[in-house]
Amino acid sequence: MKIPKRLLPLLEDGLVDEVQRQLLSGKEATVYVVRCGAELRCAKVYKDVAQRSFKQAVEYREGRKGRNSRRSRAMEKGSRFGRQQQEASWHNAEVDALYKLAAADVRVPQPYGCIDGVLLMELVTAEDGDVAPRLNDIELAPEIAREGHGLMMRYAVRMLCAGLVHGDLSEFNVLMDGAGPVIIDLPQAVDAAANNHAKSMFLRDVNNMTRYYGQFAPELLSTDYANEIWALYEAGELNPDSVLTGQFEQTLEEADVGSVLHEISAAFEEEQERLQRISDADDD
């Protein structure tokens, strides 16, 4: 195939030996299957911000601190240099999240580095050697759905204990291989403690997964792991081995209208993106 321009430097430097094919093109990046020595890996080529349908919304960037004060000031001012640094920060956020979550025993693709806006990482495959399917492409038996949901709730706990919220978690961002679910697509991951929108994003992430698995095991739809986990986190009582019940009793407090409206808006946007993804998949 014709070698994409962004991948040429990796070929010239010997980091990639061959570009075999395009795997998929999403809202933020195009992913290629590449050969590195004897191994097949993924090369995720991030799209320029002008080409992405998923913009770096302020709520996702909130709480991200630059390591360099000059870069941080440039990013705040929105200068050309600042926009370049903002892009680099967006790319590096996924690499950092992958390493952090792997260390927290959350299943994610193994990263091999990010070079000039191209992330090299593990190619997750199914038992037959083909590329592992996304959850939205498969049907599950009830017992497999219950097992997968339990594991995803445990991953949600471990992610939060590691200080991260995925921010865009759904059946479209989880692969399924022979060992179970693998979480992907993390450039928008946010700092749970430093981002004011972390709670609404976490609730949405967990509820997305419960709705998906609840299609195959309807009893899951009556659980409320999202609020249970977040309440433990806010109380400082959450740890990777916390015992979960799936039950949560809401307390009667004065409504935070602003937060409610934000969650409604976020849920609407998520549903529109989900429908668009289904439409795009049908077109493919």
# chains A, B, ... in the order shown; residues from 1 in each chain; ligands from 1

call {"tool": "residues_around", "arguments": {"residues": "A:Ser242", "least_positions_apart": "4", "cutoff": "12 Å", "atoms": "only C-alpha atoms", "output": "PyMOL selection string"}}
result
chain A and resi 153-158+160-161+225+228-230+232-233+236-238+246

call {"tool": "write_last_selection", "arguments": {"atoms": "N, CA, C and O atoms", "output": "CSV table (one decimal), in the first residue's frame"}}
result
chain,number,residue,atom,x,y,z
A,153,MET,N,-16.2,-3.4,35.9
A,153,MET,CA,-16.4,-2.6,37.1
A,153,MET,C,-15.1,-2.6,37.9
A,153,MET,O,-14.7,-1.6,38.5
A,154,ARG,N,-14.4,-3.7,37.9
A,154,ARG,CA,-13.1,-3.8,38.6
A,154,ARG,C,-12.1,-2.9,38.0
A,154,ARG,O,-11.3,-2.2,38.7
A,155,TYR,N,-12.1,-2.9,36.6
A,155,TYR,CA,-11.1,-2.0,35.9
A,155,TYR,C,-11.5,-0.5,36.2
A,155,TYR,O,-10.6,0.3,36.4
A,156,ALA,N,-12.8,-0.2,36.3
A,156,ALA,CA,-13.2,1.2,36.6
A,156,ALA,C,-12.6,1.6,38.0
A,156,ALA,O,-12.2,2.7,38.2
A,157,VAL,N,-12.7,0.7,39.0
A,157,VAL,CA,-12.2,0.9,40.3
A,157,VAL,C,-10.7,1.2,40.2
A,157,VAL,O,-10.1,2.1,40.8
A,158,ARG,N,-10.0,0.3,39.5
A,158,ARG,CA,-8.5,0.4,39.4
A,158,ARG,C,-8.1,1.7,38.7
A,158,ARG,O,-7.1,2.3,39.1
A,160,LEU,N,-9.8,4.5,38.7
A,160,LEU,CA,-10.0,5.6,39.6
A,160,LEU,C,-9.0,5.6,40.7
A,160,LEU,O,-8.5,6.7,41.1
A,161,CYS,N,-8.6,4.5,41.2
A,161,CYS,CA,-7.5,4.4,42.2
A,161,CYS,C,-6.2,4.9,41.7
A,161,CYS,O,-5.4,5.4,42.4
A,225,TYR,N,-23.5,0.8,40.0
A,225,TYR,CA,-22.1,0.7,40.4
A,225,TYR,C,-21.4,2.1,40.2
A,225,TYR,O,-20.5,2.4,41.0
A,228,GLU,N,-22.0,4.1,43.4
A,228,GLU,CA,-21.4,3.4,44.5
A,228,GLU,C,-19.9,3.6,44.5
A,228,GLU,O,-19.3,4.0,45.5
A,229,ILE,N,-19.3,3.4,43.3
A,229,ILE,CA,-17.8,3.6,43.3
A,229,ILE,C,-17.4,5.0,43.5
A,229,ILE,O,-16.4,5.2,44.3
A,230,TRP,N,-18.1,6.0,42.9
A,230,TRP,CA,-17.7,7.4,43.1
A,230,TRP,C,-17.9,7.8,44.6
A,230,TRP,O,-17.0,8.6,45.1
A,232,LEU,N,-17.5,5.9,47.2
A,232,LEU,CA,-16.3,5.4,48.0
A,232,LEU,C,-15.1,6.2,47.7
A,232,LEU,O,-14.3,6.5,48.6
A,233,TYR,N,-14.9,6.7,46.4
A,233,TYR,CA,-13.8,7.5,46.0
A,233,TYR,C,-13.8,8.8,46.8
A,233,TYR,O,-12.8,9.3,47.3
A,236,GLY,N,-12.8,8.7,50.3
A,236,GLY,CA,-11.4,8.2,50.5
A,236,GLY,C,-11.4,6.8,51.0
A,236,GLY,O,-10.4,6.3,51.6
A,237,GLU,N,-12.4,6.0,50.6
A,237,GLU,CA,-12.5,4.6,51.1
A,237,GLU,C,-12.3,3.6,49.9
A,237,GLU,O,-12.4,2.4,50.1
A,238,LEU,N,-12.1,4.1,48.7
A,238,LEU,CA,-11.9,3.3,47.6
A,238,LEU,C,-10.5,2.7,47.5
A,238,LEU,O,-9.5,3.5,47.6
A,246,GLY,N,-23.1,-3.1,43.9
A,246,GLY,CA,-24.0,-2.6,42.8
A,246,GLY,C,-25.2,-1.8,43.2
A,246,GLY,O,-26.0,-1.4,42.4

call {"tool": "select_by_dssp", "arguments": {"residues": "stretch 86-250 of chain A", "states": "strand (DSSP E)", "output": "list in words"}}
result
Pro111, Tyr112, Gly113, Cys114, Ile115, Val118, Leu119, Leu120, Met121, Glu122, Leu164, Val165, Val174, Leu175, Met176, Asp177, Gly180, Pro181, Val182, Ile183, Val190 and Asp191 of chain A

call {"tool": "residues_around", "arguments": {"residues": "stretch 205-215 of chain A", "least_positions_apart": "5", "cutoff": "7 Å", "atoms": "only C-alpha atoms", "output": "ChimeraX atom specification"}}
result
/A:145,149,167-171,220-221,226

call {"tool": "residues_around", "arguments": {"residues": "stretch 97-105 of chain A", "least_positions_apart": "4", "cutoff": "7 Å", "atoms": "only C-alpha atoms", "output": "ChimeraX atom specification"}}
result
/A:93,111,158-159,162,186

call {"tool": "select_by_dssp", "arguments": {"residues": "stretch 176-268 of chain A", "states": "helix (DSSP H, G or I)", "output": "CSV table (one decimal) with all heavy atoms, in the first residue's frame"}}
result
chain,number,residue,atom,x,y,z
A,198,ALA,N,-14.8,15.4,36.2
A,198,ALA,CA,-14.5,14.0,36.3
A,198,ALA,C,-15.6,13.1,36.8
A,198,ALA,O,-15.8,12.0,36.3
A,198,ALA,CB,-13.3,13.8,37.3
A,199,LYS,N,-16.4,13.6,37.7
A,199,LYS,CA,-17.5,12.8,38.2
A,199,LYS,C,-18.5,12.5,37.1
A,199,LYS,O,-18.9,11.3,36.9
A,199,LYS,CB,-18.2,13.5,39.4
A,199,LYS,CG,-19.4,12.7,39.9
A,199,LYS,CD,-20.1,13.3,41.1
A,199,LYS,CE,-21.3,12.5,41.6
A,199,LYS,NZ,-22.0,13.1,42.7
A,200,SER,N,-19.0,13.5,36.4
A,200,SER,CA,-20.0,13.2,35.4
A,200,SER,C,-19.4,12.3,34.3
A,200,SER,O,-20.2,11.5,33.7
A,200,SER,CB,-20.5,14.5,34.8
A,200,SER,OG,-19.4,15.2,34.1
A,201,MET,N,-18.1,12.5,34.0
A,201,MET,CA,-17.5,11.6,33.0
A,201,MET,C,-17.4,10.1,33.5
A,201,MET,O,-17.7,9.2,32.7
A,201,MET,CB,-16.1,12.1,32.6
A,201,MET,CG,-16.1,13.4,31.9
A,201,MET,SD,-14.4,13.9,31.5
A,201,MET,CE,-14.6,15.5,30.9
A,202,PHE,N,-17.1,10.0,34.7
A,202,PHE,CA,-17.0,8.6,35.3
A,202,PHE,C,-18.3,8.0,35.3
A,202,PHE,O,-18.5,6.8,34.9
A,202,PHE,CB,-16.4,8.7,36.7
A,202,PHE,CG,-16.3,7.4,37.4
A,202,PHE,CD1,-15.2,6.5,37.1
A,202,PHE,CD2,-17.2,6.9,38.3
A,202,PHE,CE1,-15.1,5.3,37.7
A,202,PHE,CE2,-17.1,5.7,38.9
A,202,PHE,CZ,-16.1,4.8,38.6
A,203,LEU,N,-19.4,8.7,35.8
A,203,LEU,CA,-20.7,8.1,35.8
A,203,LEU,C,-21.1,7.7,34.4
A,203,LEU,O,-21.7,6.6,34.3
A,203,LEU,CB,-21.7,9.1,36.4
A,203,LEU,CG,-21.4,9.6,37.9
A,203,LEU,CD1,-22.6,10.5,38.3
A,203,LEU,CD2,-21.4,8.4,38.8
A,204,ARG,N,-20.9,8.5,33.4
A,204,ARG,CA,-21.3,8.2,32.1
A,204,ARG,C,-20.5,7.0,31.6
A,204,ARG,O,-21.1,6.1,31.0
A,204,ARG,CB,-21.0,9.4,31.2
A,204,ARG,CG,-21.5,9.2,29.7
A,204,ARG,CD,-21.2,10.5,28.9
A,204,ARG,NE,-19.7,10.7,28.7
A,204,ARG,CZ,-19.2,11.8,28.6
A,204,ARG,NH1,-19.9,13.0,28.7
A,204,ARG,NH2,-17.9,12.0,28.4
A,205,ASP,N,-19.2,6.9,31.8
A,205,ASP,CA,-18.4,5.8,31.4
A,205,ASP,C,-18.9,4.5,32.0
A,205,ASP,O,-19.2,3.5,31.2
A,205,ASP,CB,-16.9,5.9,31.9
A,205,ASP,CG,-16.1,6.9,31.1
A,205,ASP,OD1,-16.7,7.4,30.1
A,205,ASP,OD2,-15.0,7.2,31.5
A,206,VAL,N,-19.1,4.4,33.3
A,206,VAL,CA,-19.6,3.2,33.9
A,206,VAL,C,-21.0,2.8,33.5
A,206,VAL,O,-21.3,1.6,33.2
A,206,VAL,CB,-19.5,3.3,35.5
A,206,VAL,CG1,-20.1,2.1,36.1
A,206,VAL,CG2,-18.0,3.5,35.9
A,207,ASN,N,-21.9,3.8,33.4
A,207,ASN,CA,-23.3,3.5,33.0
A,207,ASN,C,-23.3,3.1,31.5
A,207,ASN,O,-24.2,2.2,31.2
A,207,ASN,CB,-24.1,4.8,33.2
A,207,ASN,CG,-24.4,5.0,34.7
A,207,ASN,OD1,-24.4,4.1,35.5
A,207,ASN,ND2,-24.6,6.3,35.0
A,208,ASN,N,-22.4,3.6,30.7
A,208,ASN,CA,-22.3,3.1,29.3
A,208,ASN,C,-22.1,1.6,29.3
A,208,ASN,O,-22.7,0.8,28.5
A,208,ASN,CB,-21.2,3.8,28.5
A,208,ASN,CG,-21.7,5.2,28.0
A,208,ASN,OD1,-22.8,5.5,28.0
A,208,ASN,ND2,-20.7,6.0,27.6
A,209,MET,N,-21.1,1.1,30.1
A,209,MET,CA,-20.7,-0.3,30.1
A,209,MET,C,-21.9,-1.1,30.7
A,209,MET,O,-22.1,-2.2,30.2
A,209,MET,CB,-19.5,-0.5,30.9
A,209,MET,CG,-18.2,0.3,30.4
A,209,MET,SD,-18.0,0.1,28.6
A,209,MET,CE,-18.0,-1.6,28.3
A,210,THR,N,-22.6,-0.6,31.7
A,210,THR,CA,-23.7,-1.4,32.3
A,210,THR,C,-24.8,-1.5,31.3
A,210,THR,O,-25.4,-2.6,31.2
A,210,THR,CB,-24.2,-0.6,33.6
A,210,THR,OG1,-23.1,-0.7,34.6
A,210,THR,CG2,-25.4,-1.4,34.2
A,211,ARG,N,-25.1,-0.4,30.6
A,211,ARG,CA,-26.1,-0.5,29.5
A,211,ARG,C,-25.8,-1.5,28.5
A,211,ARG,O,-26.6,-2.3,28.0
A,211,ARG,CB,-26.4,0.8,28.9
A,211,ARG,CG,-27.3,1.8,29.7
A,211,ARG,CD,-27.8,2.9,28.9
A,211,ARG,NE,-26.6,3.8,28.5
A,211,ARG,CZ,-26.2,4.8,29.3
A,211,ARG,NH1,-26.8,5.1,30.4
A,211,ARG,NH2,-25.2,5.6,28.9
A,212,TYR,N,-24.5,-1.6,28.1
A,212,TYR,CA,-24.1,-2.5,27.0
A,212,TYR,C,-24.3,-4.0,27.5
A,212,TYR,O,-24.9,-4.8,26.9
A,212,TYR,CB,-22.6,-2.3,26.6
A,212,TYR,CG,-22.1,-3.4,25.8
A,212,TYR,CD1,-22.5,-3.6,24.4
A,212,TYR,CD2,-21.3,-4.4,26.4
A,212,TYR,CE1,-22.0,-4.6,23.7
A,212,TYR,CE2,-20.9,-5.5,25.6
A,212,TYR,CZ,-21.2,-5.6,24.3
A,212,TYR,OH,-20.8,-6.7,23.5
A,213,TYR,N,-23.7,-4.3,28.7
A,213,TYR,CA,-23.7,-5.7,29.2
A,213,TYR,C,-25.2,-6.0,29.6
A,213,TYR,O,-25.6,-7.2,29.5
A,213,TYR,CB,-22.8,-5.8,30.3
A,213,TYR,CG,-21.3,-5.9,29.9
A,213,TYR,CD1,-20.4,-4.9,30.2
A,213,TYR,CD2,-20.8,-7.0,29.3
A,213,TYR,CE1,-19.1,-4.9,29.8
A,213,TYR,CE2,-19.5,-7.1,28.9
A,213,TYR,CZ,-18.6,-6.1,29.2
A,213,TYR,OH,-17.3,-6.1,28.8
A,214,GLY,N,-25.9,-5.0,29.9
A,214,GLY,CA,-27.3,-5.2,30.3
A,214,GLY,C,-28.2,-5.7,29.2
A,214,GLY,O,-29.3,-6.2,29.4
A,218,PRO,N,-30.1,-8.7,31.6
A,218,PRO,CA,-30.9,-7.5,32.0
A,218,PRO,C,-30.9,-7.2,33.5
A,218,PRO,O,-31.1,-6.0,33.8
A,218,PRO,CB,-32.3,-8.0,31.6
A,218,PRO,CG,-32.1,-9.0,30.5
A,218,PRO,CD,-30.8,-9.7,30.8
A,219,GLU,N,-30.6,-8.1,34.3
A,219,GLU,CA,-30.5,-7.8,35.8
A,219,GLU,C,-29.5,-6.7,36.1
A,219,GLU,O,-29.6,-6.1,37.1
A,219,GLU,CB,-30.3,-9.1,36.6
A,219,GLU,CG,-28.9,-9.7,36.5
A,219,GLU,CD,-28.8,-10.7,35.3
A,219,GLU,OE1,-29.7,-10.7,34.4
A,219,GLU,OE2,-27.8,-11.4,35.3
A,220,LEU,N,-28.5,-6.6,35.2
A,220,LEU,CA,-27.4,-5.6,35.5
A,220,LEU,C,-28.0,-4.2,35.4
A,220,LEU,O,-27.4,-3.2,36.0
A,220,LEU,CB,-26.3,-5.8,34.5
A,220,LEU,CG,-25.5,-7.1,34.6
A,220,LEU,CD1,-24.5,-7.2,33.4
A,220,LEU,CD2,-24.8,-7.2,35.9
A,221,LEU,N,-29.1,-4.0,34.7
A,221,LEU,CA,-29.6,-2.7,34.4
A,221,LEU,C,-30.2,-2.1,35.7
A,221,LEU,O,-30.4,-0.8,35.8
A,221,LEU,CB,-30.7,-2.7,33.4
A,221,LEU,CG,-30.2,-3.2,32.0
A,221,LEU,CD1,-31.4,-3.3,31.0
A,221,LEU,CD2,-29.2,-2.2,31.4
A,222,SER,N,-30.4,-2.9,36.7
A,222,SER,CA,-31.0,-2.4,38.0
A,222,SER,C,-29.9,-2.0,39.0
A,222,SER,O,-30.2,-1.7,40.1
A,222,SER,CB,-32.0,-3.4,38.6
A,222,SER,OG,-31.3,-4.6,38.9
A,225,TYR,N,-23.5,0.8,40.0
A,225,TYR,CA,-22.1,0.7,40.4
A,225,TYR,C,-21.4,2.1,40.2
A,225,TYR,O,-20.5,2.4,41.0
A,225,TYR,CB,-21.3,-0.3,39.5
A,225,TYR,CG,-21.6,-1.7,39.8
A,225,TYR,CD1,-22.6,-2.4,39.2
A,225,TYR,CD2,-20.8,-2.4,40.8
A,225,TYR,CE1,-22.8,-3.8,39.5
A,225,TYR,CE2,-21.1,-3.7,41.1
A,225,TYR,CZ,-22.1,-4.4,40.5
A,225,TYR,OH,-22.3,-5.7,40.8
A,226,ALA,N,-21.8,2.9,39.3
A,226,ALA,CA,-21.2,4.2,39.1
A,226,ALA,C,-21.2,5.1,40.3
A,226,ALA,O,-20.2,5.5,40.8
A,226,ALA,CB,-21.9,4.9,37.9
A,227,ASN,N,-22.4,5.3,40.8
A,227,ASN,CA,-22.5,6.1,42.0
A,227,ASN,C,-21.9,5.5,43.3
A,227,ASN,O,-21.3,6.1,44.1
A,227,ASN,CB,-24.0,6.5,42.3
A,227,ASN,CG,-24.5,7.6,41.5
A,227,ASN,OD1,-24.0,8.7,41.5
A,227,ASN,ND2,-25.5,7.4,40.6
A,228,GLU,N,-22.0,4.1,43.4
A,228,GLU,CA,-21.4,3.4,44.5
A,228,GLU,C,-19.9,3.6,44.5
A,228,GLU,O,-19.3,4.0,45.5
A,228,GLU,CB,-21.7,1.9,44.4
A,228,GLU,CG,-21.1,1.1,45.6
A,228,GLU,CD,-21.3,-0.4,45.4
A,228,GLU,OE1,-21.6,-0.8,44.3
A,228,GLU,OE2,-21.0,-1.1,46.4
A,229,ILE,N,-19.3,3.4,43.3
A,229,ILE,CA,-17.8,3.6,43.3
A,229,ILE,C,-17.4,5.0,43.5
A,229,ILE,O,-16.4,5.2,44.3
A,229,ILE,CB,-17.3,3.1,41.9
A,229,ILE,CG1,-17.5,1.6,41.7
A,229,ILE,CG2,-15.8,3.4,41.7
A,229,ILE,CD1,-17.3,1.1,40.3
A,230,TRP,N,-18.1,6.0,42.9
A,230,TRP,CA,-17.7,7.4,43.1
A,230,TRP,C,-17.9,7.8,44.6
A,230,TRP,O,-17.0,8.6,45.1
A,230,TRP,CB,-18.5,8.3,42.2
A,230,TRP,CG,-17.9,9.7,42.2
A,230,TRP,CD1,-18.3,10.7,42.9
A,230,TRP,CD2,-16.7,10.1,41.4
A,230,TRP,NE1,-17.4,11.8,42.7
A,230,TRP,CE2,-16.5,11.5,41.8
A,230,TRP,CE3,-15.9,9.5,40.5
A,230,TRP,CZ2,-15.4,12.2,41.2
A,230,TRP,CZ3,-14.8,10.2,40.0
A,230,TRP,CH2,-14.6,11.6,40.3
A,231,ALA,N,-18.9,7.3,45.2
A,231,ALA,CA,-19.1,7.7,46.6
A,231,ALA,C,-18.0,7.2,47.5
A,231,ALA,O,-17.5,7.9,48.4
A,231,ALA,CB,-20.4,7.1,47.1
A,232,LEU,N,-17.5,5.9,47.2
A,232,LEU,CA,-16.3,5.4,48.0
A,232,LEU,C,-15.1,6.2,47.7
A,232,LEU,O,-14.3,6.5,48.6
A,232,LEU,CB,-16.1,3.9,47.6
A,232,LEU,CG,-17.2,2.9,48.0
A,232,LEU,CD1,-16.9,1.6,47.4
A,232,LEU,CD2,-17.1,2.8,49.6
A,233,TYR,N,-14.9,6.7,46.4
A,233,TYR,CA,-13.8,7.5,46.0
A,233,TYR,C,-13.8,8.8,46.8
A,233,TYR,O,-12.8,9.3,47.3
A,233,TYR,CB,-13.8,7.7,44.5
A,233,TYR,CG,-12.7,8.7,44.0
A,233,TYR,CD1,-11.4,8.3,44.0
A,233,TYR,CD2,-13.1,9.9,43.6
A,233,TYR,CE1,-10.5,9.2,43.6
A,233,TYR,CE2,-12.2,10.8,43.1
A,233,TYR,CZ,-10.8,10.5,43.1
A,233,TYR,OH,-9.9,11.4,42.6
A,234,GLU,N,-15.0,9.5,46.8
A,234,GLU,CA,-15.1,10.8,47.4
A,234,GLU,C,-14.8,10.7,48.9
A,234,GLU,O,-14.3,11.6,49.6
A,234,GLU,CB,-16.4,11.4,47.2
A,234,GLU,CG,-16.6,12.0,45.8
A,234,GLU,CD,-17.9,12.8,45.7
A,234,GLU,OE1,-18.9,12.5,46.3
A,234,GLU,OE2,-17.8,13.9,44.9
A,257,VAL,N,-28.3,22.3,39.8
A,257,VAL,CA,-28.9,22.4,38.4
A,257,VAL,C,-27.8,22.4,37.3
A,257,VAL,O,-28.0,21.7,36.3
A,257,VAL,CB,-29.8,23.6,38.3
A,257,VAL,CG1,-30.4,23.7,36.9
A,257,VAL,CG2,-30.9,23.5,39.4
A,258,GLY,N,-26.7,23.1,37.6
A,258,GLY,CA,-25.7,23.2,36.6
A,258,GLY,C,-25.1,21.8,36.2
A,258,GLY,O,-24.9,21.5,35.1
A,259,SER,N,-24.8,21.0,37.3
A,259,SER,CA,-24.3,19.7,37.0
A,259,SER,C,-25.3,18.8,36.3
A,259,SER,O,-24.9,18.0,35.4
A,259,SER,CB,-23.9,19.0,38.4
A,259,SER,OG,-22.8,19.8,39.0
A,260,VAL,N,-26.5,18.9,36.7
A,260,VAL,CA,-27.6,18.1,36.1
A,260,VAL,C,-27.7,18.4,34.6
A,260,VAL,O,-27.7,17.5,33.7
A,260,VAL,CB,-28.9,18.3,36.7
A,260,VAL,CG1,-30.0,17.6,35.9
A,260,VAL,CG2,-28.9,17.8,38.2
A,261,LEU,N,-27.7,19.7,34.2
A,261,LEU,CA,-27.8,20.1,32.8
A,261,LEU,C,-26.5,19.7,32.1
A,261,LEU,O,-26.6,19.3,30.9
A,261,LEU,CB,-27.9,21.7,32.8
A,261,LEU,CG,-29.3,22.2,33.2
A,261,LEU,CD1,-29.3,23.7,33.2
A,261,LEU,CD2,-30.4,21.7,32.4
A,262,HIS,N,-25.4,19.8,32.7
A,262,HIS,CA,-24.1,19.3,32.1
A,262,HIS,C,-24.2,17.8,31.7
A,262,HIS,O,-23.8,17.4,30.6
A,262,HIS,CB,-22.9,19.6,32.9
A,262,HIS,CG,-21.6,19.1,32.4
A,262,HIS,ND1,-21.0,19.7,31.3
A,262,HIS,CD2,-20.9,18.0,32.7
A,262,HIS,CE1,-19.9,19.0,31.0
A,262,HIS,NE2,-19.8,18.0,31.8
A,263,GLU,N,-24.7,17.0,32.7
A,263,GLU,CA,-24.8,15.6,32.5
A,263,GLU,C,-25.8,15.3,31.4
A,263,GLU,O,-25.6,14.4,30.6
A,263,GLU,CB,-25.2,14.9,33.8
A,263,GLU,CG,-24.0,14.9,34.8
A,263,GLU,CD,-24.3,14.0,36.0
A,263,GLU,OE1,-25.1,13.0,35.8
A,263,GLU,OE2,-23.8,14.3,37.1
A,264,ILE,N,-26.9,16.0,31.3
A,264,ILE,CA,-27.9,15.8,30.3
A,264,ILE,C,-27.3,16.1,28.9
A,264,ILE,O,-27.4,15.3,28.0
A,264,ILE,CB,-29.1,16.7,30.5
A,264,ILE,CG1,-29.9,16.2,31.8
A,264,ILE,CG2,-30.1,16.6,29.3
A,264,ILE,CD1,-31.0,17.1,32.2
A,265,SER,N,-26.6,17.2,28.8
A,265,SER,CA,-25.9,17.6,27.6
A,265,SER,C,-24.9,16.6,27.2
A,265,SER,O,-24.8,16.2,26.0
A,265,SER,CB,-25.3,19.0,27.7
A,265,SER,OG,-24.6,19.4,26.6
A,266,ALA,N,-24.1,16.2,28.1
A,266,ALA,CA,-23.0,15.2,27.8
A,266,ALA,C,-23.6,13.9,27.4
A,266,ALA,O,-23.1,13.2,26.4
A,266,ALA,CB,-22.1,15.0,29.1
A,267,ALA,N,-24.7,13.4,28.0
A,267,ALA,CA,-25.4,12.2,27.6
A,267,ALA,C,-26.0,12.3,26.2
A,267,ALA,O,-25.9,11.3,25.4
A,267,ALA,CB,-26.5,11.9,28.6
A,268,PHE,N,-26.5,13.5,25.9
A,268,PHE,CA,-27.1,13.7,24.5
A,268,PHE,C,-26.0,13.6,23.5
A,268,PHE,O,-26.1,12.9,22.5
A,268,PHE,CB,-27.8,15.0,24.5
A,268,PHE,CG,-28.3,15.4,23.1
A,268,PHE,CD1,-29.5,14.8,22.6
A,268,PHE,CD2,-27.6,16.2,22.3
A,268,PHE,CE1,-30.0,15.1,21.4
A,268,PHE,CE2,-28.1,16.5,21.0
A,268,PHE,CZ,-29.3,16.0,20.5

call {"tool": "atom_distance", "arguments": {"atom1": "atom CA of A:Leu40", "atom2": "atom CA of A:Leu123"}}
result
6.5 Å

call {"tool": "residues_around", "arguments": {"residues": "A:Pro142", "least_positions_apart": "3", "cutoff": "8 Å", "atoms": "only C-alpha atoms", "output": "ChimeraX atom specification"}}
result
/A:145-146,216-217

call {"tool": "write_last_selection", "arguments": {"atoms": "C-alpha atoms", "output": "PDB file, in the first residue's frame"}}
result
ATOM      1  CA  ALA A 145     -21.853 -10.659  29.913  1.00  0.00           C
ATOM      2  CA  ARG A 146     -22.047 -10.874  33.694  1.00  0.00           C
ATOM      3  CA  PHE A 216     -27.434  -9.645  27.450  1.00  0.00           C
ATOM      4  CA  ALA A 217     -27.936  -9.846  31.235  1.00  0.00           C
TER       5      ALA A 217
END

call {"tool": "closest_residue", "arguments": {"among": "A:Gln188, A:Gln22, A:Asn195, A:Gln247", "to": "A:Asn92", "atoms": "only C-alpha atoms"}}
result
A:Gln188

call {"tool": "closest_residue", "arguments": {"among": "A:Val190, A:Ala281, A:Leu10, A:Val95", "to": "A:Val108", "atoms": "only C-alpha atoms"}}
result
A:Val95
